$ cat data22.txt   # compact mmCIF, C-alpha atoms
# COMPACT_ATOMS: atom_id res chain seq x y z
CA MET G 92 -5.63 186.30 38.87
CA ASP G 93 -4.60 189.90 39.48
CA THR G 94 -3.24 191.78 36.46
CA LEU G 95 0.01 193.68 36.15
CA ASP G 96 -1.95 196.95 36.24
CA GLU G 97 -3.49 195.85 39.54
CA ARG G 98 -0.03 195.01 40.89
CA VAL G 99 1.12 198.55 40.00
CA ASP G 100 -1.90 199.99 41.86
CA ILE G 101 -1.18 197.74 44.86
CA ALA G 102 2.41 198.98 44.94
CA ARG G 103 1.32 202.61 44.92
CA THR G 104 -1.25 202.00 47.67
CA LEU G 105 1.27 200.26 49.92
CA LEU G 106 3.93 202.90 49.34
CA SER G 107 1.44 205.64 50.31
CA ALA G 108 0.14 203.88 53.43
CA GLY G 109 0.20 205.91 56.63
CA ILE G 110 0.62 209.34 55.03
CA THR G 111 -1.31 211.96 57.04
CA PRO G 112 -2.17 215.58 56.16
CA ALA G 113 0.69 216.69 58.41
CA ASP G 114 3.14 214.60 56.39
CA LEU G 115 2.23 216.57 53.28
CA GLU G 116 2.84 219.95 54.91
CA ILE G 117 6.06 221.90 54.59
CA SER G 118 5.64 223.33 58.13
CA PRO G 119 3.38 220.95 60.09
CA ASP G 120 1.75 222.10 63.32
CA LEU G 121 3.61 219.86 65.77
CA ALA G 122 1.34 220.82 68.67
CA ALA G 123 -1.72 219.54 66.80
CA ALA G 124 -0.07 216.38 65.43
CA PRO G 125 -0.21 212.93 67.09
CA GLU G 126 2.66 212.38 69.52
CA GLY G 127 4.19 209.38 67.72
CA PRO G 128 5.24 211.08 64.46
CA VAL G 129 6.61 214.02 66.49
CA LEU G 130 8.64 212.41 69.27
CA ALA G 131 9.60 208.96 67.91
CA ALA G 132 8.97 205.85 70.02
CA ASN G 133 11.34 204.87 72.81
CA LEU G 134 12.45 201.36 71.90
CA GLN G 135 14.74 201.29 74.95
CA LEU G 136 17.77 200.43 72.89
CA VAL G 137 21.09 200.22 74.70
CA PHE G 138 24.03 200.50 72.33
CA PRO G 139 27.66 199.59 73.14
CA ASP G 140 29.77 202.34 74.71
CA GLY G 141 30.81 204.95 72.21
CA LEU G 142 28.46 203.66 69.51
CA ALA G 143 25.16 205.21 70.51
CA LEU G 144 23.21 207.19 67.93
CA VAL G 145 23.13 210.86 68.93
CA PRO G 146 20.70 213.16 67.07
CA GLN G 147 22.21 216.49 65.99
CA PRO G 148 19.37 219.02 65.67
CA PHE G 149 20.20 222.41 64.18
CA ASP G 150 20.04 225.48 66.42
CA VAL G 151 18.06 227.20 63.67
CA VAL G 152 15.79 225.31 61.27
CA PRO G 153 17.45 225.52 57.83
CA PRO G 154 15.49 226.91 54.86
CA THR G 155 13.77 224.14 52.94
CA ASP G 156 15.68 225.08 49.78
CA ALA G 157 19.08 224.96 51.50
CA ALA G 158 21.63 222.42 50.31
CA LEU G 159 21.88 219.25 52.36
CA PRO G 160 24.61 219.23 55.04
CA ARG G 161 27.82 217.29 54.49
CA ALA G 162 28.03 213.82 56.06
CA ASP G 163 30.14 210.68 55.90
CA VAL G 164 27.13 208.43 55.33
CA VAL G 165 23.61 208.88 53.95
CA VAL G 166 20.88 206.45 55.01
CA ILE G 167 17.76 206.86 52.87
CA THR G 168 14.37 205.20 53.25
CA TRP G 169 10.98 205.45 51.57
CA THR G 170 7.66 204.75 53.32
CA VAL G 171 5.99 205.95 56.51
CA ASP G 172 6.62 202.65 58.35
CA GLU G 173 10.25 202.68 57.25
CA ASN G 174 10.63 206.35 58.21
CA ASP G 175 9.13 205.72 61.65
CA ALA G 176 11.45 202.77 62.25
CA LEU G 177 14.51 204.74 61.16
CA ALA G 178 13.49 207.65 63.40
CA ASP G 179 12.82 205.36 66.37
CA VAL G 180 16.25 203.75 66.05
CA PHE G 181 18.43 206.63 64.78
CA THR G 182 16.80 209.92 65.89
CA LYS G 183 15.36 209.19 69.34
CA GLY G 184 13.10 212.01 70.45
CA PHE G 185 12.75 213.37 66.92
CA GLY G 186 9.91 211.70 65.03
CA ARG G 187 9.37 212.03 61.31
CA LEU G 188 7.45 215.32 61.57
CA LYS G 189 10.48 216.93 63.26
CA TRP G 190 12.79 216.02 60.39
CA TYR G 191 13.82 218.96 58.24
CA ARG G 192 11.91 219.45 54.98
CA TYR G 193 13.92 219.56 51.75
CA THR G 194 12.63 221.29 48.60
CA ARG G 195 15.80 222.26 46.71
CA ARG G 196 15.12 222.46 42.91
CA PHE G 197 11.70 220.85 43.41
CA GLU G 198 9.61 223.43 41.55
CA ASP G 199 11.89 224.13 38.61
CA HIS G 200 13.35 220.68 37.97
CA TYR G 201 11.35 217.92 39.65
CA ARG G 202 7.67 218.87 39.67
CA PRO G 203 7.34 218.68 35.85
CA LEU G 204 8.64 215.09 36.02
CA ILE G 205 6.14 213.86 38.65
CA ARG G 206 2.60 212.62 38.02
CA ARG G 207 -0.06 214.67 39.80
CA ARG G 208 -1.30 211.86 42.08
CA ALA G 209 2.15 211.04 43.44
CA PRO G 210 2.86 211.79 47.13
CA ALA G 211 5.85 213.99 46.22
CA PHE G 212 3.61 216.18 44.02
CA ALA G 213 1.17 216.66 46.90
CA ALA G 214 3.92 217.24 49.46
CA GLY G 215 5.76 219.72 47.26
CA ARG G 216 9.16 218.48 48.34
CA LEU G 217 11.85 215.91 47.67
CA GLY G 218 12.09 214.54 51.19
CA SER G 219 13.06 215.14 54.81
CA TYR G 220 16.32 214.67 56.68
CA PHE G 221 17.94 214.66 60.11
CA PRO G 222 21.66 214.56 61.06
CA VAL G 223 23.00 212.02 63.55
CA LYS G 224 26.37 211.25 65.11
CA LEU G 225 27.59 207.66 65.51
CA GLY G 226 31.07 207.48 66.98
CA ASP G 227 33.26 209.48 64.59
CA LEU G 228 30.72 209.29 61.76
CA ASP G 229 28.40 212.06 60.63
CA VAL G 230 25.27 210.33 59.35
CA LEU G 231 22.45 211.97 57.42
CA CYS G 232 19.12 210.13 57.73
CA MET G 233 16.73 210.83 54.85
CA LYS G 234 13.18 209.98 53.89
CA SER G 235 12.49 210.33 50.16
CA GLU G 236 9.12 211.49 48.87
CA LEU G 237 10.20 210.43 45.37
CA HIS G 238 9.89 206.81 44.34
CA LEU G 239 10.34 204.76 41.18
CA ASN G 240 6.83 203.29 41.51
CA GLN G 241 5.06 206.55 42.39
CA ASP G 242 6.33 209.36 40.22
CA GLY G 243 6.65 208.35 36.58
CA ILE G 244 4.91 210.26 33.78
CA LYS G 245 4.61 208.09 30.69
CA THR G 246 6.95 209.17 27.89
CA GLY G 247 6.30 206.26 25.53
CA PRO G 248 5.48 202.53 25.47
CA GLY G 249 7.30 201.11 28.49
CA THR G 250 9.16 204.35 29.25
CA ALA G 251 8.56 207.03 31.88
CA THR G 252 10.23 209.81 33.81
CA LEU G 253 12.42 208.74 36.75
CA PRO G 254 13.08 211.84 38.90
CA VAL G 255 14.50 209.81 41.81
CA ARG G 256 17.51 209.11 39.56
CA ASP G 257 18.35 212.82 39.60
CA PHE G 258 17.57 213.01 43.32
CA PHE G 259 20.21 210.42 44.18
CA LYS G 260 22.78 212.38 42.18
CA GLN G 261 21.75 215.62 43.88
CA ILE G 262 22.13 214.02 47.32
CA ILE G 263 25.60 212.75 46.44
CA GLU G 264 26.68 216.11 45.01
CA GLU G 265 25.56 218.07 48.08
CA VAL G 266 26.37 215.67 50.93
CA GLN G 267 29.58 214.20 49.45
CA PRO G 268 29.10 210.94 51.42
CA ARG G 269 31.66 208.18 51.46
CA VAL G 270 28.82 205.62 51.64
CA ILE G 271 25.10 205.78 50.81
CA ALA G 272 22.69 203.09 52.02
CA THR G 273 19.14 202.56 50.79
CA ILE G 274 17.04 200.67 53.34
CA GLY G 275 13.48 199.44 53.80
CA THR G 276 10.97 196.65 53.30
CA ALA G 277 11.19 193.83 50.75
CA GLY G 278 9.62 190.53 49.81
CA SER G 279 11.60 187.42 50.72
CA VAL G 280 12.48 185.02 47.91
CA PHE G 281 14.18 182.40 50.11
CA GLU G 282 12.15 179.94 52.18
CA ASN G 283 14.65 180.19 55.04
CA PHE G 284 14.67 184.03 55.13
CA PRO G 285 11.49 184.64 57.18
CA LEU G 286 9.85 187.79 58.53
CA GLY G 287 12.36 190.17 60.11
CA ASP G 288 15.44 188.75 58.40
CA VAL G 289 17.50 191.46 56.73
CA VAL G 290 19.29 191.10 53.40
CA VAL G 291 22.46 193.16 52.90
CA THR G 292 23.82 193.27 49.37
CA ARG G 293 26.18 195.37 47.26
CA ALA G 294 24.30 194.65 44.04
CA ALA G 295 20.99 195.64 42.49
CA LYS G 296 19.19 194.67 39.28
CA PHE G 297 16.21 196.14 37.43
CA ARG G 298 13.40 193.65 36.77
CA CYS G 299 10.72 195.89 35.27
CA GLN G 300 7.68 194.66 33.35
CA LYS G 301 5.39 197.69 33.14
CA GLU G 302 6.15 201.42 32.93
CA PHE G 303 9.94 200.95 32.59
CA LEU G 304 9.84 197.79 30.48
CA HIS G 305 11.59 199.37 27.49
CA GLU G 306 13.98 201.70 29.31
CA GLU G 307 17.66 201.19 28.46
CA PHE G 308 18.44 200.40 32.09
CA ASN G 309 15.90 197.57 32.43
CA GLY G 310 17.67 194.28 33.06
CA ARG G 311 20.93 195.99 34.03
CA GLU G 312 22.74 194.94 37.19
CA PHE G 313 24.96 197.22 39.25
CA GLN G 314 27.61 196.28 41.83
CA CYS G 315 29.75 198.02 44.42
CA ASP G 316 32.92 196.37 45.71
CA TRP G 317 32.87 198.08 49.13
CA THR G 318 34.01 195.65 51.83
CA LEU G 319 31.20 195.51 54.40
CA PRO G 320 32.33 196.37 57.96
CA LEU G 321 30.75 193.51 59.92
CA GLY G 322 32.53 193.91 63.24
CA ARG G 323 29.38 194.93 65.13
CA MET G 324 26.80 192.69 63.47
CA GLU G 325 26.54 190.34 66.46
CA ASP G 326 25.59 193.34 68.60
CA ALA G 327 23.04 194.38 65.98
CA GLN G 328 21.47 190.93 65.95
CA THR G 329 21.30 190.87 69.74
CA LEU G 330 19.31 194.11 69.58
CA MET G 331 17.11 192.72 66.79
CA HIS G 332 16.27 189.60 68.81
CA ARG G 333 14.56 191.79 71.42
CA PHE G 334 11.76 192.35 68.92
CA ALA G 335 11.21 188.74 67.88
CA ASP G 336 7.84 188.68 69.67
CA GLN G 337 6.63 191.42 67.32
CA LEU G 338 7.30 189.10 64.37
CA LYS G 339 5.10 186.22 65.51
CA GLU G 340 2.78 184.99 62.80
CA PRO G 341 -0.78 184.02 63.78
CA PRO G 342 -1.89 180.37 63.87
CA LEU G 343 -3.89 179.51 60.77
CA GLY G 344 -6.53 177.13 59.51
CA PRO G 345 -8.85 176.83 56.48
CA PRO G 346 -10.73 180.02 55.51
CA SER G 347 -14.15 178.39 55.94
CA THR G 348 -15.63 175.83 58.34
CA ARG G 349 -16.88 173.96 55.26
CA TYR G 350 -13.40 172.47 54.96
CA PRO G 351 -13.20 169.04 56.65
CA PHE G 352 -10.60 170.20 59.17
CA ALA G 353 -10.98 169.15 62.79
CA GLY G 354 -7.54 169.88 64.20
CA PRO G 355 -6.33 172.93 66.13
CA LEU G 356 -5.04 175.95 64.22
CA ILE G 357 -1.52 175.46 62.86
CA ALA G 358 1.12 177.64 64.50
CA PRO G 359 4.26 178.49 62.52
CA PRO G 360 7.73 178.42 64.10
CA ASP G 361 9.02 181.59 65.72
CA ASN G 362 10.86 184.14 63.60
CA VAL G 363 14.28 185.10 64.96
CA PRO G 364 15.51 188.09 62.91
CA THR G 365 18.88 187.47 61.30
CA ALA G 366 21.08 189.62 59.05
CA ARG G 367 21.97 187.87 55.78
CA PHE G 368 25.00 188.86 53.70
CA GLU G 369 26.18 188.07 50.19
CA GLN G 370 29.74 189.15 51.01
CA ASP G 371 30.70 186.06 53.03
CA LYS G 372 28.77 183.69 50.69
CA ARG G 373 27.23 181.72 53.57
CA ASP G 374 23.75 183.06 52.91
CA MET G 375 23.89 183.89 49.20
CA ALA G 376 26.22 184.00 46.26
CA GLU G 377 28.57 186.97 46.24
CA PHE G 378 26.92 190.11 44.78
CA HIS G 379 23.52 188.39 44.67
CA PRO G 380 21.44 191.43 43.68
CA ILE G 381 18.34 192.97 45.12
CA LEU G 382 15.61 192.87 42.45
CA THR G 383 13.93 196.20 41.65
CA THR G 384 10.48 195.95 40.07
CA ASP G 385 7.97 198.51 38.79
CA TYR G 386 5.01 196.67 40.32
CA PHE G 387 4.25 194.72 43.52
CA GLU G 388 6.13 191.45 43.20
CA TYR G 389 6.87 188.75 45.79
CA GLY G 390 8.80 185.53 46.01
CA THR G 391 6.96 182.21 46.01
CA SER G 392 8.00 178.61 46.50
CA THR G 393 7.56 178.03 42.76
CA ASN G 394 8.57 181.21 40.88
CA GLY G 395 12.32 180.73 41.36
CA LEU G 396 13.19 184.34 42.15
CA GLU G 397 15.81 183.19 44.67
CA ALA G 398 18.01 182.12 41.75
CA GLU G 399 17.86 185.64 40.31
CA GLY G 400 18.14 187.85 43.37
CA ALA G 401 18.29 188.34 47.12
CA ALA G 402 14.80 189.84 47.62
CA VAL G 403 12.29 191.96 45.68
CA GLU G 404 11.56 195.65 46.24
CA MET G 405 10.75 198.77 44.22
CA GLY G 406 13.60 201.23 43.88
CA ASP G 407 17.14 200.31 44.95
CA ALA G 408 18.61 199.69 41.50
CA VAL G 409 18.08 203.39 40.83
CA LEU G 410 20.91 204.09 43.30
CA GLY G 411 23.21 201.77 41.36
CA LEU G 412 22.12 203.50 38.15
CA ALA G 413 22.78 206.98 39.55
CA VAL G 414 26.24 205.99 40.78
CA ALA G 415 26.98 204.47 37.37
CA ASP G 416 25.90 207.76 35.76
CA LEU G 417 28.36 209.67 37.94
CA THR G 418 31.14 207.21 37.21
CA GLU G 419 30.57 207.38 33.46
CA ALA G 420 30.49 211.19 33.62
CA GLY G 421 33.85 211.29 35.41
CA ALA G 422 32.41 212.89 38.56
CA ASP G 423 34.89 214.09 41.15
CA HIS G 424 33.11 212.18 43.91
CA VAL G 425 31.52 208.73 43.58
CA PRO G 426 30.48 207.01 46.84
CA ASP G 427 30.30 203.37 47.78
CA TRP G 428 26.77 202.07 48.27
CA VAL G 429 24.86 199.23 49.87
CA VAL G 430 21.29 197.91 50.02
CA VAL G 431 19.74 196.89 53.37
CA ARG G 432 16.30 195.31 52.99
CA ASN G 433 14.17 193.73 55.73
CA MET G 434 11.76 190.90 54.91
CA SER G 435 8.27 192.32 55.44
CA ASP G 436 6.61 189.38 53.69
CA PRO G 437 8.00 185.84 53.64
CA GLN G 438 8.28 183.59 50.61
CA ILE G 439 4.65 182.81 49.69
CA ASN G 440 3.29 179.32 49.05
CA GLY G 441 3.30 178.98 45.27
CA GLU G 442 0.73 176.16 45.43
CA LEU G 443 -2.02 178.56 46.50
CA PRO G 444 -4.51 179.23 43.69
CA THR G 445 -4.16 182.29 41.47
CA LYS G 446 -7.52 182.03 39.69
CA LYS G 447 -11.18 182.41 40.69
CA PHE G 448 -10.31 185.42 42.87
CA ARG G 449 -10.05 189.07 41.88
CA LEU G 450 -7.04 189.39 44.18
CA ASN G 451 -5.44 185.99 44.17
CA PRO G 452 -4.64 184.37 47.55
CA GLN G 453 -0.90 184.58 46.96
CA THR G 454 -1.09 188.36 46.52
CA MET G 455 -3.56 188.63 49.39
CA TRP G 456 -1.10 186.99 51.77
CA ALA G 457 1.88 189.01 50.52
CA VAL G 458 -0.05 192.27 50.97
CA GLY G 459 -1.40 191.21 54.36
CA TYR G 460 2.08 190.43 55.67
CA TYR G 461 3.49 193.68 54.29
CA GLU G 462 0.77 195.78 55.90
CA SER G 463 0.97 193.96 59.24
CA TYR G 464 4.72 193.66 59.74
CA GLY G 465 6.23 196.58 57.81
CA TYR G 466 7.18 198.65 60.86
CA TRP G 467 8.70 195.96 63.08
CA THR G 468 10.65 194.36 60.27
CA SER G 469 11.93 197.86 59.42
CA VAL G 470 13.18 198.23 63.00
CA CYS G 471 15.31 195.16 62.30
CA GLY G 472 16.52 196.76 59.07
CA ALA G 473 17.44 199.97 60.87
CA LEU G 474 19.34 198.01 63.52
CA THR G 475 21.24 196.10 60.83
CA THR G 476 22.15 199.46 59.32
CA TRP G 477 23.35 200.63 62.74
CA GLY G 478 25.52 197.49 62.91
CA LEU G 479 27.16 198.29 59.57
CA LEU G 480 27.82 201.90 60.54
CA ALA G 481 29.06 200.99 64.02
CA GLY G 482 31.52 198.59 62.40
CA LEU G 483 32.54 201.34 59.98
CA SER G 484 33.03 203.82 62.81
CA GLU G 485 35.45 201.46 64.53
CA ALA G 486 37.24 200.22 61.41
CA GLY G 487 37.45 203.50 59.53
CA PHE G 488 36.94 203.99 55.80
CA ASP G 489 40.43 202.87 54.82
CA ASP G 490 40.25 199.60 56.73
CA ALA G 491 36.58 198.64 56.37
$ encode --input "data22.txt" --output "structure tokens"
Amino acid sequence: MDTLDERVDIARTLLSAGITPADLEISPDLAAAPEGPVLAANLQLVFPDGLALVPQPFDVVPPTDAALPRADVVVITWTVDENDALADVFTKGFGRLKWYRYTRRFEDHYRPLIRRRAPAFAAGRLGSYFPVKLGDLDVLCMKSELHLNQDGIKTGPGTATLPVRDFFKQIIEEVQPRVIATIGTAGSVFENFPLGDVVVTRAAKFRCQKEFLHEEFNGREFQCDWTLPLGRMEDAQTLMHRFADQLKEPPLGPPSTRYPFAGPLIAPPDNVPTARFEQDKRDMAEFHPILTTDYFEYGTSTNGLEAEGAAVEMGDAVLGLAVADLTEAGADHVPDWVVVRNMSDPQINGELPTKKFRLNPQTMWAVGYYESYGYWTSVCGALTTWGLLAGLSEAGFDDA
């Protein structure tokens, strides 16, 4: 059975997957870089009239230490696969290496809080960003280099630094968004939420068992009462369905021919990506929270995580915590927020063995799914996010 320390290492490996030398550079040589990270893939998306995503490149590249531009909405994501999917959906023609680097306060405030092997330490920056227009909305797309599971320097038993907490507050202070959305991959905890389904929730809860076990925020749940603008979700799901073929799972059989199995390989049913909401209570209880862990966790058919939360991931509750900090401090501006998480690994069979293997088969399957389907499930997550923002653009902030 894998240990908690091994689960932490797995999390850090998965969160670092796909990082290239160019990703760690402040000014990458675009001519020498692979085409994909520079141009973004053409997914041939056709949006409804007036609701297309229109990238807004600057005439002059801003200094890396410049404040972030103002926007109505911030959409922030975390890994290379998630960044590529967000770029392919939101910033067509501008891949992740063309996004603007952001280093503000990195050296004086953030670097001392980051462990030396973390990607943000190597990259020397907080993240990258690119502005987009959607109808009347100014949207700022961001990719964070900071991460709850990557950065922490131990400060005591079960306590560690959490620089991404400050980063969220810095984003909010500079951008002054009305809404901030954190999006990306997650492990499904519901049997009927398969690969490509997307959970949308206005609640997040810390479920830490390792480096943040004894932090005051562990176990806390945060909620936002923003009414989700769902007027364009049918259009979003129509776009998501175009990629159902990319979510096909392979037919399976026993791992060795020594098993007395004579039948053909077993093919699972097709996955048809669907957006799932806690707001209307049809999919989940209202404010059913995303579960934020400090290690690689996944839902199984026996561990009962579906009763506790909507899915498992590694960072979103920090946004709820940062907004709570601002509220408690009496900040002049406190945005609404939402979590959009796509199922990159389905609920795992809890009857699979967990002993006799260094990496138990349950973890092996969860990791294998995550590595194989992270990008295409993230396309579905980005399209769900488009659906929310398209609905917001039409409804307006006062009516949404």
$ closest_residue --input "data22.txt" --among "G:Lys446, G:Arg323, G:His379, G:Lys296" --to "Thr475 in chain G" --atoms "all atoms listed in the file"
G:Arg323
$ closest_atom_pairs --input "data22.txt" --of "range 164-199 of chain G" --to "range 260-270 of chain G" --cutoff "10 Å" --atoms "all atoms listed in the file" --output "tab-separated table"
residue	atom	partner	partner_atom	distance
G:Val164	CA	G:Val270	CA	4.9
G:Val165	CA	G:Pro268	CA	6.4
G:Val166	CA	G:Val270	CA	8.7
G:Arg195	CA	G:Gln261	CA	9.4
G:Arg196	CA	G:Gln261	CA	9.6
$ closest_residue --input "data22.txt" --among "G:Tyr386, G:Arg206, G:Cys232, G:Arg216" --to "Asp179 in chain G" --atoms "all atoms listed in the file"
G:Cys232
$ closest_residue --input "data22.txt" --among "G:Gly226, G:Gly243, G:Pro128, G:Gly421" --to "Ala176 in chain G" --atoms "all atoms listed in the file"
G:Pro128
$ residues_around --input "data22.txt" --residues "range 98-106 of chain G" --least-positions-apart "5" --cutoff "12 Å" --atoms "only C-alpha atoms" --output "PDB file with C-alpha atoms, keeping the file's coordinate frame"
ATOM      1  CA  MET G  92      -5.630 186.300  38.870  1.00  0.00           C
ATOM      2  CA  ASP G  93      -4.600 189.900  39.480  1.00  0.00           C
ATOM      3  CA  THR G 168      14.370 205.200  53.250  1.00  0.00           C
ATOM      4  CA  TRP G 169      10.980 205.450  51.570  1.00  0.00           C
ATOM      5  CA  THR G 170       7.660 204.750  53.320  1.00  0.00           C
ATOM      6  CA  VAL G 171       5.990 205.950  56.510  1.00  0.00           C
ATOM      7  CA  ASP G 172       6.620 202.650  58.350  1.00  0.00           C
ATOM      8  CA  GLU G 173      10.250 202.680  57.250  1.00  0.00           C
ATOM      9  CA  ASN G 174      10.630 206.350  58.210  1.00  0.00           C
ATOM     10  CA  ARG G 208      -1.300 211.860  42.080  1.00  0.00           C
ATOM     11  CA  ALA G 209       2.150 211.040  43.440  1.00  0.00           C
ATOM     12  CA  PRO G 210       2.860 211.790  47.130  1.00  0.00           C
ATOM     13  CA  ALA G 211       5.850 213.990  46.220  1.00  0.00           C
ATOM     14  CA  SER G 235      12.490 210.330  50.160  1.00  0.00           C
ATOM     15  CA  GLU G 236       9.120 211.490  48.870  1.00  0.00           C
ATOM     16  CA  LEU G 237      10.200 210.430  45.370  1.00  0.00           C
ATOM     17  CA  HIS G 238       9.890 206.810  44.340  1.00  0.00           C
ATOM     18  CA  LEU G 239      10.340 204.760  41.180  1.00  0.00           C
ATOM     19  CA  ASN G 240       6.830 203.290  41.510  1.00  0.00           C
ATOM     20  CA  GLN G 241       5.060 206.550  42.390  1.00  0.00           C
ATOM     21  CA  ASP G 242       6.330 209.360  40.220  1.00  0.00           C
ATOM     22  CA  GLY G 243       6.650 208.350  36.580  1.00  0.00           C
ATOM     23  CA  GLY G 275      13.480 199.440  53.800  1.00  0.00           C
ATOM     24  CA  THR G 276      10.970 196.650  53.300  1.00  0.00           C
ATOM     25  CA  ALA G 277      11.190 193.830  50.750  1.00  0.00           C
ATOM     26  CA  CYS G 299      10.720 195.890  35.270  1.00  0.00           C
ATOM     27  CA  GLN G 300       7.680 194.660  33.350  1.00  0.00           C
ATOM     28  CA  LYS G 301       5.390 197.690  33.140  1.00  0.00           C
ATOM     29  CA  GLU G 302       6.150 201.420  32.930  1.00  0.00           C
ATOM     30  CA  PHE G 303       9.940 200.950  32.590  1.00  0.00           C
ATOM     31  CA  THR G 384      10.480 195.950  40.070  1.00  0.00           C
ATOM     32  CA  ASP G 385       7.970 198.510  38.790  1.00  0.00           C
ATOM     33  CA  TYR G 386       5.010 196.670  40.320  1.00  0.00           C
ATOM     34  CA  PHE G 387       4.250 194.720  43.520  1.00  0.00           C
ATOM     35  CA  GLU G 388       6.130 191.450  43.200  1.00  0.00           C
ATOM     36  CA  TYR G 389       6.870 188.750  45.790  1.00  0.00           C
ATOM     37  CA  GLU G 404      11.560 195.650  46.240  1.00  0.00           C
ATOM     38  CA  MET G 405      10.750 198.770  44.220  1.00  0.00           C
ATOM     39  CA  GLY G 406      13.600 201.230  43.880  1.00  0.00           C
ATOM     40  CA  SER G 435       8.270 192.320  55.440  1.00  0.00           C
ATOM     41  CA  ARG G 449     -10.050 189.070  41.880  1.00  0.00           C
ATOM     42  CA  LEU G 450      -7.040 189.390  44.180  1.00  0.00           C
ATOM     43  CA  ASN G 451      -5.440 185.990  44.170  1.00  0.00           C
ATOM     44  CA  THR G 454      -1.090 188.360  46.520  1.00  0.00           C
ATOM     45  CA  MET G 455      -3.560 188.630  49.390  1.00  0.00           C
ATOM     46  CA  ALA G 457       1.880 189.010  50.520  1.00  0.00           C
ATOM     47  CA  VAL G 458      -0.050 192.270  50.970  1.00  0.00           C
ATOM     48  CA  GLY G 459      -1.400 191.210  54.360  1.00  0.00           C
ATOM     49  CA  TYR G 460       2.080 190.430  55.670  1.00  0.00           C
ATOM     50  CA  TYR G 461       3.490 193.680  54.290  1.00  0.00           C
ATOM     51  CA  GLU G 462       0.770 195.780  55.900  1.00  0.00           C
ATOM     52  CA  SER G 463       0.970 193.960  59.240  1.00  0.00           C
ATOM     53  CA  GLY G 465       6.230 196.580  57.810  1.00  0.00           C
TER      54      GLY G 465
END
$ atom_distance --input "data22.txt" --atom1 "CA of Leu231 in chain G" --atom2 "CA of Leu177 in chain G"
11.4 Å
$ closest_residue --input "data22.txt" --among "G:Pro203, G:Asp114, G:Ile167, G:Asn133" --to "Gly184 in chain G" --atoms "all atoms listed in the file"
G:Asn133
$ residues_around --input "data22.txt" --residues "Asn283 in chain G" --least-positions-apart "3" --cutoff "10 Å" --atoms "only C-alpha atoms" --output "PDB file with C-alpha atoms, in the coordinates of the input"
ATOM      1  CA  SER G 279      11.600 187.420  50.720  1.00  0.00           C
ATOM      2  CA  VAL G 280      12.480 185.020  47.910  1.00  0.00           C
ATOM      3  CA  LEU G 286       9.850 187.790  58.530  1.00  0.00           C
ATOM      4  CA  ASP G 288      15.440 188.750  58.400  1.00  0.00           C
ATOM      5  CA  ASP G 374      23.750 183.060  52.910  1.00  0.00           C
ATOM      6  CA  PRO G 437       8.000 185.840  53.640  1.00  0.00           C
ATOM      7  CA  GLN G 438       8.280 183.590  50.610  1.00  0.00           C
TER       8      GLN G 438
END
$ residues_around --input "data22.txt" --residues "Leu225 in chain G" --least-positions-apart "5" --cutoff "9 Å" --atoms "all atoms listed in the file" --output "MDAnalysis selection string"
chainID G and resid 141:146 230 477 480:481 484
$ write_last_selection --input "data22.txt" --atoms "C-alpha atoms" --output "PDB file, in the coordinates of the input"
ATOM      1  CA  GLY G 141      30.810 204.950  72.210  1.00  0.00           C
ATOM      2  CA  LEU G 142      28.460 203.660  69.510  1.00  0.00           C
ATOM      3  CA  ALA G 143      25.160 205.210  70.510  1.00  0.00           C
ATOM      4  CA  LEU G 144      23.210 207.190  67.930  1.00  0.00           C
ATOM      5  CA  VAL G 145      23.130 210.860  68.930  1.00  0.00           C
ATOM      6  CA  PRO G 146      20.700 213.160  67.070  1.00  0.00           C
ATOM      7  CA  VAL G 230      25.270 210.330  59.350  1.00  0.00           C
ATOM      8  CA  TRP G 477      23.350 200.630  62.740  1.00  0.00           C
ATOM      9  CA  LEU G 480      27.820 201.900  60.540  1.00  0.00           C
ATOM     10  CA  ALA G 481      29.060 200.990  64.020  1.00  0.00           C
ATOM     11  CA  SER G 484      33.030 203.820  62.810  1.00  0.00           C
TER      12      SER G 484
END
$ closest_atom_pairs --input "data22.txt" --of "range 130-213 of chain G" --to "range 251-257 of chain G" --cutoff "8 Å" --atoms "only C-alpha atoms" --output "tab-separated table"
residue	atom	partner	partner_atom	distance
G:Tyr201	CA	G:Pro254	CA	6.4
G:Leu204	CA	G:Thr252	CA	5.9
G:Ile205	CA	G:Pro254	CA	7.2
$ closest_residue --input "data22.txt" --among "G:Val403, G:Ile439, G:Ile357, G:Ala294" --to "Glu282 in chain G" --atoms "only C-alpha atoms"
G:Ile439
$ atom_distance --input "data22.txt" --atom1 "CA of His200 in chain G" --atom2 "CA of Gly109 in chain G"
27.2 Å
$ atom_distance --input "data22.txt" --atom1 "CA of Met375 in chain G" --atom2 "CA of Val431 in chain G"
14.3 Å
$ closest_residue --input "data22.txt" --among "G:Pro320, G:Gly218, G:Pro359, G:Pro351" --to "Met233 in chain G" --atoms "only C-alpha atoms"
G:Gly218
$ residues_around --input "data22.txt" --residues "Ile117 in chain G" --least-positions-apart "4" --cutoff "12 Å" --atoms "only C-alpha atoms" --output "JSON, numbers by chain"
{"G": [112, 113, 121, 154, 155, 156, 188, 189, 190, 191, 192, 193, 194, 211, 213, 214, 215, 216, 217, 218, 219]}
$ closest_atom_pairs --input "data22.txt" --of "range 321-403 of chain G" --to "range 408-415 of chain G" --cutoff "10 Å" --atoms "only C-alpha atoms" --output "JSON lines"
{"residue": "G:Pro380", "atom": "CA", "partner": "G:Ala408", "partner_atom": "CA", "distance": 9.0}
{"residue": "G:Ile381", "atom": "CA", "partner": "G:Ala408", "partner_atom": "CA", "distance": 7.6}
{"residue": "G:Leu382", "atom": "CA", "partner": "G:Ala408", "partner_atom": "CA", "distance": 7.5}
{"residue": "G:Thr383", "atom": "CA", "partner": "G:Ala408", "partner_atom": "CA", "distance": 5.8}
{"residue": "G:Thr384", "atom": "CA", "partner": "G:Ala408", "partner_atom": "CA", "distance": 9.1}
